[in-house]
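Listing of start.pdb, PDB, C-alpha atoms
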ATOM      1  CA  MET A   1      16.652  19.642  -5.902
ATOM      2  CA  ILE A   2      16.042  20.053  -2.173
ATOM      3  CA  VAL A   3      18.454  18.280   0.195
ATOM      4  CA  GLN A   4      17.290  17.809   3.767
ATOM      5  CA  ARG A   5      19.658  17.432   6.698
ATOM      6  CA  SER A   6      17.345  16.533   9.539
ATOM      7  CA  PHE A   7      19.861  17.261  12.296
ATOM      8  CA  SER A   8      21.373  20.518  11.085
ATOM      9  CA  LYS A   9      22.440  23.027  13.697
ATOM     10  CA  GLU A  10      19.968  25.674  14.777
ATOM     11  CA  GLY A  11      19.700  28.340  12.111
ATOM     12  CA  GLU A  12      21.218  26.266   9.313
ATOM     13  CA  ARG A  13      17.833  24.911   8.256
ATOM     14  CA  GLY A  14      16.169  28.291   7.895
ATOM     15  CA  GLU A  15      13.161  29.710   9.695
ATOM     16  CA  SER A  16      10.766  26.802   9.160
ATOM     17  CA  GLY A  17       9.931  24.264  11.826
ATOM     18  CA  SER A  18      10.108  20.497  11.344
ATOM     19  CA  LEU A  19       7.377  17.975  10.640
ATOM     20  CA  TYR A  20       7.837  14.767  12.639
ATOM     21  CA  LEU A  21       6.120  11.557  11.515
ATOM     22  CA  VAL A  22       5.838   9.688  14.800
ATOM     23  CA  GLY A  23       5.203   5.960  15.034
ATOM     24  CA  THR A  24       2.813   4.895  17.791
ATOM     25  CA  PRO A  25       1.907   1.431  19.167
ATOM     26  CA  ILE A  26      -0.386  -0.813  17.126
ATOM     27  CA  GLY A  27      -1.851  -2.379  20.245
ATOM     28  CA  ASN A  28       0.770  -2.783  22.948
ATOM     29  CA  LEU A  29       1.731   0.458  24.705
ATOM     30  CA  GLU A  30       5.142  -0.990  25.556
ATOM     31  CA  ASP A  31       6.063  -0.574  21.878
ATOM     32  CA  MET A  32       6.158   3.220  22.256
ATOM     33  CA  THR A  33       9.766   4.352  21.866
ATOM     34  CA  LEU A  34      11.586   6.745  24.175
ATOM     35  CA  ARG A  35      12.321   8.998  21.208
ATOM     36  CA  ALA A  36       8.640   9.116  20.233
ATOM     37  CA  ILE A  37       7.659  10.140  23.776
ATOM     38  CA  ARG A  38      10.320  12.858  23.875
ATOM     39  CA  THR A  39       9.362  14.191  20.452
ATOM     40  CA  LEU A  40       5.661  14.400  21.326
ATOM     41  CA  LYS A  41       6.558  16.322  24.484
ATOM     42  CA  GLU A  42       8.862  18.761  22.701
ATOM     43  CA  VAL A  43       6.891  19.714  19.581
ATOM     44  CA  ASP A  44       4.556  22.715  19.539
ATOM     45  CA  LEU A  45       1.615  20.773  18.162
ATOM     46  CA  ILE A  46       0.424  17.200  17.567
ATOM     47  CA  ALA A  47      -1.825  16.524  14.566
ATOM     48  CA  ALA A  48      -3.801  13.314  15.087
ATOM     49  CA  GLU A  49      -6.039  11.201  12.884
ATOM     50  CA  ASP A  50      -8.387  10.512  15.835
ATOM     51  CA  THR A  51      -7.922  12.906  18.749
ATOM     52  CA  ARG A  52      -9.973  10.728  21.101
ATOM     53  CA  GLN A  53      -7.657   7.773  20.531
ATOM     54  CA  THR A  54      -4.502   9.873  20.734
ATOM     55  CA  ARG A  55      -5.610  11.568  23.983
ATOM     56  CA  LYS A  56      -5.548   8.144  25.673
ATOM     57  CA  LEU A  57      -1.976   7.638  24.471
ATOM     58  CA  LEU A  58      -0.872  11.106  25.577
ATOM     59  CA  ALA A  59      -2.497  10.687  28.989
ATOM     60  CA  HIS A  60      -0.732   7.365  29.528
ATOM     61  CA  PHE A  61       2.686   8.925  28.881
ATOM     62  CA  GLU A  62       1.839  12.244  30.592
ATOM     63  CA  ILE A  63       2.225  14.315  27.425
ATOM     64  CA  ALA A  64       0.510  17.696  27.602
ATOM     65  CA  THR A  65       1.250  19.033  24.088
ATOM     66  CA  ARG A  66      -1.620  20.741  22.265
ATOM     67  CA  LEU A  67      -3.581  18.333  20.068
ATOM     68  CA  VAL A  68      -5.434  19.106  16.813
ATOM     69  CA  SER A  69      -7.368  17.000  14.349
ATOM     70  CA  TYR A  70      -5.970  16.068  10.935
ATOM     71  CA  HIS A  71      -7.677  13.297   8.977
ATOM     72  CA  GLU A  72      -8.974  12.311   5.547
ATOM     73  CA  HIS A  73     -12.128  14.427   5.816
ATOM     74  CA  ASN A  74     -10.557  17.707   6.967
ATOM     75  CA  LYS A  75      -7.085  17.524   5.390
ATOM     76  CA  ASP A  76      -7.928  20.014   2.622
ATOM     77  CA  ALA A  77      -8.667  22.676   5.244
ATOM     78  CA  SER A  78      -6.262  21.606   8.006
ATOM     79  CA  GLY A  79      -3.289  20.789   5.793
ATOM     80  CA  PRO A  80      -2.585  24.344   4.524
ATOM     81  CA  GLU A  81      -2.926  25.708   8.064
ATOM     82  CA  LEU A  82      -0.422  23.185   9.426
ATOM     83  CA  ILE A  83       1.993  24.083   6.617
ATOM     84  CA  ARG A  84       1.573  27.774   7.491
ATOM     85  CA  LEU A  85       2.438  27.040  11.128
ATOM     86  CA  LEU A  86       5.493  25.050  10.062
ATOM     87  CA  GLU A  87       6.653  27.939   7.896
ATOM     88  CA  THR A  88       6.391  30.276  10.892
ATOM     89  CA  GLY A  89       8.848  28.065  12.770
ATOM     90  CA  GLN A  90       6.560  25.781  14.771
ATOM     91  CA  SER A  91       7.370  22.090  15.020
ATOM     92  CA  ILE A  92       4.541  19.610  14.463
ATOM     93  CA  ALA A  93       4.223  15.874  15.069
ATOM     94  CA  VAL A  94       1.805  13.773  13.027
ATOM     95  CA  VAL A  95       0.406  10.533  14.448
ATOM     96  CA  SER A  96      -2.100   8.027  13.104
ATOM     97  CA  ASP A  97      -4.494   5.900  15.139
ATOM     98  CA  ALA A  98      -1.815   3.213  15.320
ATOM     99  CA  GLY A  99       1.542   2.492  13.733
ATOM    100  CA  LEU A 100       3.437   4.698  11.291
ATOM    101  CA  PRO A 101       1.648   7.750   9.896
ATOM    102  CA  ALA A 102       1.637   8.430   6.132
ATOM    103  CA  ILE A 103       1.067   4.761   5.200
ATOM    104  CA  SER A 104      -2.480   4.416   3.800
ATOM    105  CA  ASP A 105      -2.983   7.597   5.793
ATOM    106  CA  PRO A 106      -3.577  11.334   5.051
ATOM    107  CA  GLY A 107      -0.271  12.125   6.751
ATOM    108  CA  ALA A 108       1.328  11.304   3.399
ATOM    109  CA  ASP A 109      -0.245  14.407   1.829
ATOM    110  CA  LEU A 110       1.044  16.658   4.594
ATOM    111  CA  ALA A 111       4.526  15.153   4.369
ATOM    112  CA  ALA A 112       4.584  15.688   0.590
ATOM    113  CA  ALA A 113       3.413  19.304   0.918
ATOM    114  CA  ALA A 114       6.051  20.023   3.567
ATOM    115  CA  ALA A 115       8.830  18.419   1.522
ATOM    116  CA  GLU A 116       7.883  20.473  -1.544
ATOM    117  CA  ARG A 117       8.370  23.651   0.501
ATOM    118  CA  GLY A 118      11.744  22.612   1.864
ATOM    119  CA  ILE A 119      10.395  21.912   5.347
ATOM    120  CA  ALA A 120      12.265  19.118   7.125
ATOM    121  CA  VAL A 121      10.186  15.917   7.367
ATOM    122  CA  VAL A 122      11.695  13.687  10.055
ATOM    123  CA  PRO A 123      10.722  10.035  10.664
ATOM    124  CA  ILE A 124      10.397   8.791  14.235
ATOM    125  CA  PRO A 125      10.273   5.008  13.666
ATOM    126  CA  GLY A 126       7.941   2.733  15.541
ATOM    127  CA  ALA A 127       5.594  -0.233  15.257
ATOM    128  CA  ASN A 128       4.213  -1.159  11.837
ATOM    129  CA  ALA A 129       1.563  -3.794  11.141
ATOM    130  CA  ALA A 130       2.605  -4.639   7.578
ATOM    131  CA  LEU A 131       6.262  -5.353   8.334
ATOM    132  CA  SER A 132       5.439  -7.094  11.611
ATOM    133  CA  ALA A 133       3.063  -9.416   9.744
ATOM    134  CA  LEU A 134       5.642 -10.049   7.019
ATOM    135  CA  ILE A 135       8.395 -11.204   9.357
ATOM    136  CA  VAL A 136       6.133 -13.734  11.130
ATOM    137  CA  SER A 137       4.386 -14.957   7.954
ATOM    138  CA  GLY A 138       6.925 -17.635   7.089
ATOM    139  CA  LEU A 139       7.015 -16.302   3.518
ATOM    140  CA  SER A 140       9.932 -14.729   1.670
ATOM    141  CA  THR A 141      11.097 -11.366   3.008
ATOM    142  CA  ASP A 142      13.747 -10.809   0.319
ATOM    143  CA  ASN A 143      11.385  -8.700  -1.785
ATOM    144  CA  PHE A 144       7.919  -7.492  -0.785
ATOM    145  CA  PHE A 145       5.167  -5.222  -2.096
ATOM    146  CA  PHE A 146       2.704  -3.321   0.095
ATOM    147  CA  ALA A 147      -0.621  -2.971  -1.711
ATOM    148  CA  GLY A 148      -2.717  -1.133   0.901
ATOM    149  CA  PHE A 149      -6.434  -1.961   1.134
ATOM    150  CA  PRO A 150      -8.155  -4.029  -1.594
ATOM    151  CA  PRO A 151     -11.119  -2.331  -3.343
ATOM    152  CA  ARG A 152     -14.500  -3.117  -1.808
ATOM    153  CA  ASP A 153     -16.594  -3.897  -4.909
ATOM    154  CA  ARG A 154     -16.217  -7.063  -6.961
ATOM    155  CA  LYS A 155     -15.221  -5.567 -10.335
ATOM    156  CA  PRO A 156     -12.564  -3.137  -9.004
ATOM    157  CA  LEU A 157     -11.280  -5.918  -6.732
ATOM    158  CA  THR A 158     -10.913  -8.274  -9.693
ATOM    159  CA  ASN A 159      -9.046  -5.612 -11.681
ATOM    160  CA  TRP A 160      -6.799  -4.894  -8.687
ATOM    161  CA  LEU A 161      -5.936  -8.565  -8.292
ATOM    162  CA  GLN A 162      -5.242  -8.944 -12.006
ATOM    163  CA  GLN A 163      -2.808  -6.014 -11.880
ATOM    164  CA  LEU A 164      -0.946  -7.712  -9.019
ATOM    165  CA  GLN A 165      -1.094 -11.208 -10.501
ATOM    166  CA  LYS A 166       2.420 -11.112 -11.989
ATOM    167  CA  GLN A 167       4.004  -9.573  -8.874
ATOM    168  CA  GLU A 168       6.933 -11.796  -7.912
ATOM    169  CA  ALA A 169       7.462 -10.134  -4.534
ATOM    170  CA  THR A 170       5.582 -11.203  -1.421
ATOM    171  CA  ILE A 171       2.372  -9.154  -1.331
ATOM    172  CA  ILE A 172       1.103  -7.451   1.822
ATOM    173  CA  CYS A 173      -2.324  -5.846   2.201
ATOM    174  CA  TYR A 174      -4.768  -4.852   4.924
ATOM    175  CA  GLU A 175      -8.345  -6.103   5.155
ATOM    176  CA  SER A 176     -11.247  -5.629   7.555
ATOM    177  CA  PRO A 177     -13.038  -8.531   9.290
ATOM    178  CA  HIS A 178     -16.202  -7.567   7.374
ATOM    179  CA  ARG A 179     -14.537  -7.891   3.962
ATOM    180  CA  ILE A 180     -12.019 -10.706   4.258
ATOM    181  CA  THR A 181     -14.484 -13.538   3.558
ATOM    182  CA  LYS A 182     -15.441 -11.793   0.297
ATOM    183  CA  THR A 183     -11.893 -10.901  -0.741
ATOM    184  CA  LEU A 184     -10.229 -14.301  -0.301
ATOM    185  CA  PRO A 185     -12.501 -16.257  -2.711
ATOM    186  CA  VAL A 186     -11.855 -13.703  -5.466
ATOM    187  CA  MET A 187      -8.143 -13.879  -4.691
ATOM    188  CA  LEU A 188      -8.267 -17.671  -5.038
ATOM    189  CA  GLU A 189     -10.128 -17.333  -8.327
ATOM    190  CA  GLN A 190      -7.628 -14.837  -9.781
ATOM    191  CA  TRP A 191      -4.326 -16.057  -8.298
ATOM    192  CA  GLY A 192      -4.835 -19.727  -7.641
ATOM    193  CA  ASP A 193      -4.112 -21.439  -4.318
ATOM    194  CA  ARG A 194      -1.006 -19.578  -3.168
ATOM    195  CA  ARG A 195       0.598 -19.779   0.260
ATOM    196  CA  MET A 196      -0.397 -16.995   2.616
ATOM    197  CA  ALA A 197      -0.673 -15.879   6.212
ATOM    198  CA  MET A 198      -3.567 -14.110   7.898
ATOM    199  CA  VAL A 199      -2.265 -12.024  10.780
ATOM    200  CA  ARG A 200      -4.658 -10.296  13.167
ATOM    201  CA  GLU A 201      -4.614  -8.387  16.437
ATOM    202  CA  LEU A 202      -0.852  -7.826  16.240
ATOM    203  CA  THR A 203       0.816  -7.142  19.616
ATOM    204  CA  LYS A 204      -2.535  -7.549  21.407
ATOM    205  CA  ARG A 205      -3.790 -10.301  23.724
ATOM    206  CA  HIS A 206      -5.491 -12.220  20.890
ATOM    207  CA  GLU A 207      -2.640 -11.962  18.371
ATOM    208  CA  GLU A 208      -3.009 -14.763  15.827
ATOM    209  CA  VAL A 209      -1.107 -15.937  12.742
ATOM    210  CA  ALA A 210      -2.909 -18.420  10.473
ATOM    211  CA  ARG A 211      -0.551 -19.867   7.839
ATOM    212  CA  GLY A 212      -1.615 -22.044   4.930
ATOM    213  CA  THR A 213      -2.947 -21.765   1.390
ATOM    214  CA  ILE A 214      -5.668 -19.339   0.342
ATOM    215  CA  SER A 215      -8.240 -22.174   0.260
ATOM    216  CA  GLU A 216      -7.184 -23.346   3.726
ATOM    217  CA  CYS A 217      -7.568 -19.807   5.065
ATOM    218  CA  ILE A 218     -11.062 -19.617   3.565
ATOM    219  CA  SER A 219     -11.985 -22.883   5.302
ATOM    220  CA  TRP A 220     -10.508 -21.638   8.576
ATOM    221  CA  LEU A 221     -12.652 -18.508   8.475
ATOM    222  CA  GLU A 222     -15.780 -20.598   7.832
ATOM    223  CA  GLU A 223     -15.196 -22.311  11.183
ATOM    224  CA  HIS A 224     -13.692 -19.304  12.990
ATOM    225  CA  PRO A 225     -15.577 -16.080  12.177
ATOM    226  CA  PRO A 226     -13.134 -13.218  11.499
ATOM    227  CA  LEU A 227     -12.439 -10.843  14.370
ATOM    228  CA  GLY A 228     -10.180  -7.779  14.383
ATOM    229  CA  GLU A 229      -8.280  -6.102  11.575
ATOM    230  CA  TYR A 230      -6.250  -8.391   9.328
ATOM    231  CA  CYS A 231      -2.922  -8.060   7.609
ATOM    232  CA  LEU A 232      -2.699 -10.508   4.708
ATOM    233  CA  VAL A 233       0.690 -11.716   3.468
ATOM    234  CA  ILE A 234       0.565 -13.671   0.199
ATOM    235  CA  SER A 235       3.370 -15.292  -1.748
ATOM    236  CA  GLY A 236       4.215 -13.730  -5.102
ATOM    237  CA  ILE A 237       3.910 -15.515  -8.411
ATOM    238  CA  SER A 238       6.282 -18.450  -8.903
ATOM    239  CA  LYS A 239       8.561 -18.914 -11.916
ATOM    240  CA  GLU A 240       6.400 -21.853 -12.992
ATOM    241  CA  GLU A 241       3.266 -19.693 -12.882
ATOM    242  CA  VAL A 242       5.037 -16.971 -14.882
ATOM    243  CA  ALA A 243       5.888 -19.508 -17.586
ATOM    244  CA  GLU A 244       2.292 -20.774 -17.653
ATOM    245  CA  LEU A 245       0.925 -17.249 -17.916
ATOM    246  CA  LYS A 246       3.259 -16.363 -20.748
ATOM    247  CA  GLN A 247       2.253 -19.499 -22.603
ATOM    248  CA  GLY A 248      -1.418 -18.721 -22.033
ATOM    249  CA  GLU A 249      -1.005 -15.108 -23.108
ATOM    250  CA  GLN A 250       0.741 -16.161 -26.323
ATOM    251  CA  SER A 251      -1.820 -18.783 -27.266
ATOM    252  CA  TRP A 252      -4.596 -16.352 -28.185
ATOM    253  CA  TRP A 253      -2.579 -14.559 -30.880
ATOM    254  CA  ALA A 254      -0.119 -17.248 -32.003
ATOM    255  CA  ALA A 255      -2.255 -18.261 -34.998
ATOM    256  CA  LEU A 256      -3.013 -14.664 -36.050
ATOM    257  CA  SER A 257      -1.205 -12.692 -38.718
ATOM    258  CA  LEU A 258       0.196  -9.298 -37.748
ATOM    259  CA  GLU A 259      -2.756  -7.563 -39.391
ATOM    260  CA  GLU A 260      -5.241  -9.785 -37.547
ATOM    261  CA  HIS A 261      -3.386  -9.222 -34.276
ATOM    262  CA  VAL A 262      -3.580  -5.445 -34.664
ATOM    263  CA  SER A 263      -7.233  -5.657 -35.739
ATOM    264  CA  ARG A 264      -8.123  -7.624 -32.607
ATOM    265  CA  TYR A 265      -6.927  -4.756 -30.414
ATOM    266  CA  GLU A 266      -8.768  -2.254 -32.589
ATOM    267  CA  GLU A 267     -11.958  -4.255 -32.076
ATOM    268  CA  GLN A 268     -11.407  -3.858 -28.333
ATOM    269  CA  GLY A 269     -11.449  -0.066 -28.703
ATOM    270  CA  GLU A 270      -7.760   0.768 -29.152
ATOM    271  CA  ASP A 271      -6.743   3.257 -31.846
ATOM    272  CA  ARG A 272      -4.410   1.946 -34.553
ATOM    273  CA  LYS A 273      -1.274   3.451 -33.014
ATOM    274  CA  GLU A 274      -1.907   1.824 -29.638
ATOM    275  CA  ALA A 275      -2.956  -1.456 -31.292
ATOM    276  CA  ILE A 276       0.360  -1.585 -33.175
ATOM    277  CA  LYS A 277       2.281  -0.803 -29.974
ATOM    278  CA  ARG A 278       0.574  -3.601 -28.012
ATOM    279  CA  THR A 279       1.039  -6.068 -30.863
ATOM    280  CA  ALA A 280       4.748  -5.280 -30.913
ATOM    281  CA  GLN A 281       4.950  -5.820 -27.148
ATOM    282  CA  ASP A 282       3.134  -9.163 -27.392
ATOM    283  CA  ARG A 283       5.477 -10.446 -30.073
ATOM    284  CA  GLY A 284       8.696  -8.930 -28.796
ATOM    285  CA  MET A 285       9.075  -6.916 -31.997
ATOM    286  CA  GLN A 286      10.050  -3.331 -32.727
ATOM    287  CA  LYS A 287       7.007  -1.112 -33.096
ATOM    288  CA  ARG A 288       8.267   0.278 -36.408
ATOM    289  CA  ASP A 289       8.592  -3.238 -37.841
ATOM    290  CA  VAL A 290       4.954  -3.995 -37.030
ATOM    291  CA  TYR A 291       3.940  -0.615 -38.440
ATOM    292  CA  ASN A 292       5.829  -1.139 -41.672
ATOM    293  CA  GLU A 293       4.418  -4.635 -42.155
ATOM    294  CA  VAL A 294       0.813  -3.648 -41.425
ATOM    295  CA  MET A 295       0.745  -0.300 -43.235
ATOM    296  CA  LYS A 296       2.184  -1.591 -46.515
ATOM    297  CA  LYS A 297      -0.878  -3.768 -47.036
TER
END
Here is the file; what I need is its structure written in the form of structure tokens.
Amino acid sequence: MIVQRSFSKEGERGESGSLYLVGTPIGNLEDMTLRAIRTLKEVDLIAAEDTRQTRKLLAHFEIATRLVSYHEHNKDASGPELIRLLETGQSIAVVSDAGLPAISDPGADLAAAAAERGIAVVPIPGANAALSALIVSGLSTDNFFFAGFPPRDRKPLTNWLQQLQKQEATIICYESPHRITKTLPVMLEQWGDRRMAMVRELTKRHEEVARGTISECISWLEEHPPLGEYCLVISGISKEEVAELKQGEQSWWAALSLEEHVSRYEEQGEDRKEAIKRTAQDRGMQKRDVYNEVMKK
């Protein structure tokens, strides 16, 4: 076990530097925190997803710290070098194009590698699109699930939606303006007409929150072509829907004997051991009881 104390006295943490995950504005420069500005000025190096974008931010706040590139396409080469610099005692800040780094972002890999080596990984909180969209959505904030970006192609998207279908928490995901009109109809098909909010251009001049059902959002986009990046917030499955799903799931095997139930899974490509396990799960039985009943025949 490695225990990190981010604010240990000099020398107590060892010879390694610290990795700072610095939140940056998602559109409005006034959302930059004083701590983020100070940290970016004090570190030895800033690793940025897009150096061109980050240079504009640094220029605005008169930050002269050395800037290097670290993104999805060069992380395998840049990551080990940044870790080496941290181990020599240098401090490094990681920033994404906007918002918190390490969320749907290669900064997560660098943070994990640093943590594994006992290097302090320190969060510098800031703006975040997902949570900002959640709190204005009008949907439940008691429990939420961030799902990242939906898959682009139809079959993987359908599988992704099916895996999330029974999620009771409010679901948050990102989507591009080029994909949203393709994603929402499949979502409606798989999940039914749930309540949702489409949030775009957060903190910017054209910030917009469209609240309604999935079908209403589809209709809205037919009349108002999508512009800007979207954060989608969708209500989780209701207790009534859970009951309906359970009833539907039971109906296909209710008339089958145990042997027929196991055989159905075997026909789908499962080996006998896995087929027995899934049958037991379906029926709420102990696996050994299904095994004993099936194998004695």
Problem set entry | Selected residue of minimal separation from A:Arg194 among A:Ser238, A:Gln162, A:Asn292, A:Ser96, counting all atoms listed in the file |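 That would be A:Ser238, the residue with the smallest distance to A:Arg194.
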Exercise. Between atom CA of A:Arg84 and atom CA of A:Ile103, what is the distance, to one decimal in Å?
Worked result: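 Distance reported for this atom pair: 23.1 Å.
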For this session: Using the chain letters and numbers from the file, give me the residues hit by the PyMOL selection byres ((chain A and resi 26-37) around 8), as a ChimeraX atom specification.
Result: /A:22-25,38-41,61,63,98-99,124-129,201-204
Problem set entry | Best match for closeness to A:Ile172 among A:Val121, A:Ala114, A:Leu139, A:Ile234, counting only C-alpha atoms |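 Checking each candidate against A:Ile172, we get A:Ile234 as the closest.
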Apply the PyMOL selection byres ((chain A and resi 87) around 10) to the structure shown and report the selected residues as a short mmCIF file (atom, residue, chain, number, x, y, z; two decimals) with C-alpha atoms, keeping the file's coordinate frame.
data_model
loop_
_atom_site.label_atom_id
_atom_site.label_comp_id
_atom_site.auth_asym_id
_atom_site.auth_seq_id
_atom_site.Cartn_x
_atom_site.Cartn_y
_atom_site.Cartn_z
CA GLY A 14 16.17 28.29 7.90
CA GLU A 15 13.16 29.71 9.70
CA SER A 16 10.77 26.80 9.16
CA GLY A 17 9.93 24.26 11.83
CA SER A 18 10.11 20.50 11.34
CA GLU A 81 -2.93 25.71 8.06
CA LEU A 82 -0.42 23.18 9.43
CA ILE A 83 1.99 24.08 6.62
CA ARG A 84 1.57 27.77 7.49
CA LEU A 85 2.44 27.04 11.13
CA LEU A 86 5.49 25.05 10.06
CA THR A 88 6.39 30.28 10.89
CA GLY A 89 8.85 28.06 12.77
CA GLN A 90 6.56 25.78 14.77
CA SER A 91 7.37 22.09 15.02
CA ALA A 114 6.05 20.02 3.57
CA ARG A 117 8.37 23.65 0.50
CA GLY A 118 11.74 22.61 1.86
CA ILE A 119 10.40 21.91 5.35
#
Problem set entry | Residues in the PyMOL selection byres ((chain A and resi 272-274) around 12), expressed as a VMD selection string | chain A and resid 259 261 to 271 275 to 281 287 to 288 290 to 291 294 to 295
For this session: Would you work out the distance separating atom CA of A:Leu232 from atom CA of A:Glu208, expressed in Å to one decimal?
Result: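 So the two atoms, atom CA of A:Leu232 and atom CA of A:Glu208, lie 11.9 Å apart.
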For stretch 46-123 of chain A against stretch 142-161 of chain A, with a cut-off of 12 Å and counting all atoms listed in the file, what is the closest atom pair and its distance in Å to one decimal for every residue that makes the cut, ordered by chain and number, as a tab-separated table?
residue	atom	partner	partner_atom	distance
A:Ala102	CA	A:Gly148	CA	11.7
A:Ile103	CA	A:Gly148	CA	8.2
A:Ser104	CA	A:Gly148	CA	6.3
A:Asp105	CA	A:Gly148	CA	10.0
For this session: Can you pull out every residue within 7 Å of stretch 181-188 of chain A, counting only C-alpha atoms, but drop anything in the same chain fewer than 3 positions away, and send it as an MDAnalysis selection string?
Result: chainID A and resid 158 161 191:193 214:215 218
File of the preceding selection, C-alpha atoms, as a PDB file, keeping the file's coordinate frame:
ATOM      1  CA  THR A 158     -10.913  -8.274  -9.693  1.00  0.00           C
ATOM      2  CA  LEU A 161      -5.936  -8.565  -8.292  1.00  0.00           C
ATOM      3  CA  TRP A 191      -4.326 -16.057  -8.298  1.00  0.00           C
ATOM      4  CA  GLY A 192      -4.835 -19.727  -7.641  1.00  0.00           C
ATOM      5  CA  ASP A 193      -4.112 -21.439  -4.318  1.00  0.00           C
ATOM      6  CA  ILE A 214      -5.668 -19.339   0.342  1.00  0.00           C
ATOM      7  CA  SER A 215      -8.240 -22.174   0.260  1.00  0.00           C
ATOM      8  CA  ILE A 218     -11.062 -19.617   3.565  1.00  0.00           C
TER       9      ILE A 218
END
Provide stretch 39-55 of chain A rebuilt to N, CA and C atoms, formatted as an mmCIF file, in the coordinates of the input.
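After the write, out-v3.cif holds the following:
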data_model
loop_
_atom_site.group_PDB
_atom_site.id
_atom_site.type_symbol
_atom_site.label_atom_id
_atom_site.label_comp_id
_atom_site.auth_asym_id
_atom_site.auth_seq_id
_atom_site.Cartn_x
_atom_site.Cartn_y
_atom_site.Cartn_z
ATOM 1 N N THR A 39 9.755 13.327 21.564
ATOM 2 C CA THR A 39 9.362 14.191 20.452
ATOM 3 C C THR A 39 7.964 14.761 20.670
ATOM 4 N N LEU A 40 7.033 13.931 21.104
ATOM 5 C CA LEU A 40 5.661 14.400 21.326
ATOM 6 C C LEU A 40 5.591 15.424 22.459
ATOM 7 N N LYS A 41 6.519 15.339 23.396
ATOM 8 C CA LYS A 41 6.558 16.322 24.484
ATOM 9 C C LYS A 41 7.177 17.641 24.035
ATOM 10 N N GLU A 42 8.102 17.565 23.076
ATOM 11 C CA GLU A 42 8.862 18.761 22.701
ATOM 12 C C GLU A 42 8.247 19.574 21.571
ATOM 13 N N VAL A 43 7.441 18.964 20.712
ATOM 14 C CA VAL A 43 6.891 19.714 19.581
ATOM 15 C C VAL A 43 5.860 20.738 20.063
ATOM 16 N N ASP A 44 5.552 21.690 19.196
ATOM 17 C CA ASP A 44 4.556 22.715 19.539
ATOM 18 C C ASP A 44 3.134 22.203 19.390
ATOM 19 N N LEU A 45 2.965 21.203 18.522
ATOM 20 C CA LEU A 45 1.615 20.773 18.162
ATOM 21 C C LEU A 45 1.645 19.309 17.715
ATOM 22 N N ILE A 46 0.586 18.570 18.043
ATOM 23 C CA ILE A 46 0.424 17.200 17.567
ATOM 24 C C ILE A 46 -0.827 17.144 16.706
ATOM 25 N N ALA A 47 -0.688 16.693 15.473
ATOM 26 C CA ALA A 47 -1.825 16.524 14.566
ATOM 27 C C ALA A 47 -2.182 15.043 14.533
ATOM 28 N N ALA A 48 -3.407 14.716 14.922
ATOM 29 C CA ALA A 48 -3.801 13.314 15.087
ATOM 30 C C ALA A 48 -4.972 12.950 14.180
ATOM 31 N N GLU A 49 -4.946 11.710 13.712
ATOM 32 C CA GLU A 49 -6.039 11.201 12.884
ATOM 33 C C GLU A 49 -7.330 11.107 13.702
ATOM 34 N N ASP A 50 -7.236 10.619 14.925
ATOM 35 C CA ASP A 50 -8.387 10.512 15.835
ATOM 36 C C ASP A 50 -7.943 11.058 17.188
ATOM 37 N N THR A 51 -8.388 12.261 17.514
ATOM 38 C CA THR A 51 -7.922 12.906 18.749
ATOM 39 C C THR A 51 -8.352 12.142 19.993
ATOM 40 N N ARG A 52 -9.511 11.486 19.927
ATOM 41 C CA ARG A 52 -9.973 10.728 21.101
ATOM 42 C C ARG A 52 -9.015 9.578 21.403
ATOM 43 N N GLN A 53 -8.583 8.886 20.352
ATOM 44 C CA GLN A 53 -7.657 7.773 20.531
ATOM 45 C C GLN A 53 -6.295 8.266 21.012
ATOM 46 N N THR A 54 -5.831 9.354 20.394
ATOM 47 C CA THR A 54 -4.502 9.873 20.734
ATOM 48 C C THR A 54 -4.471 10.451 22.148
ATOM 49 N N ARG A 55 -5.575 11.027 22.613
ATOM 50 C CA ARG A 55 -5.610 11.568 23.983
ATOM 51 C C ARG A 55 -5.325 10.474 25.008
#
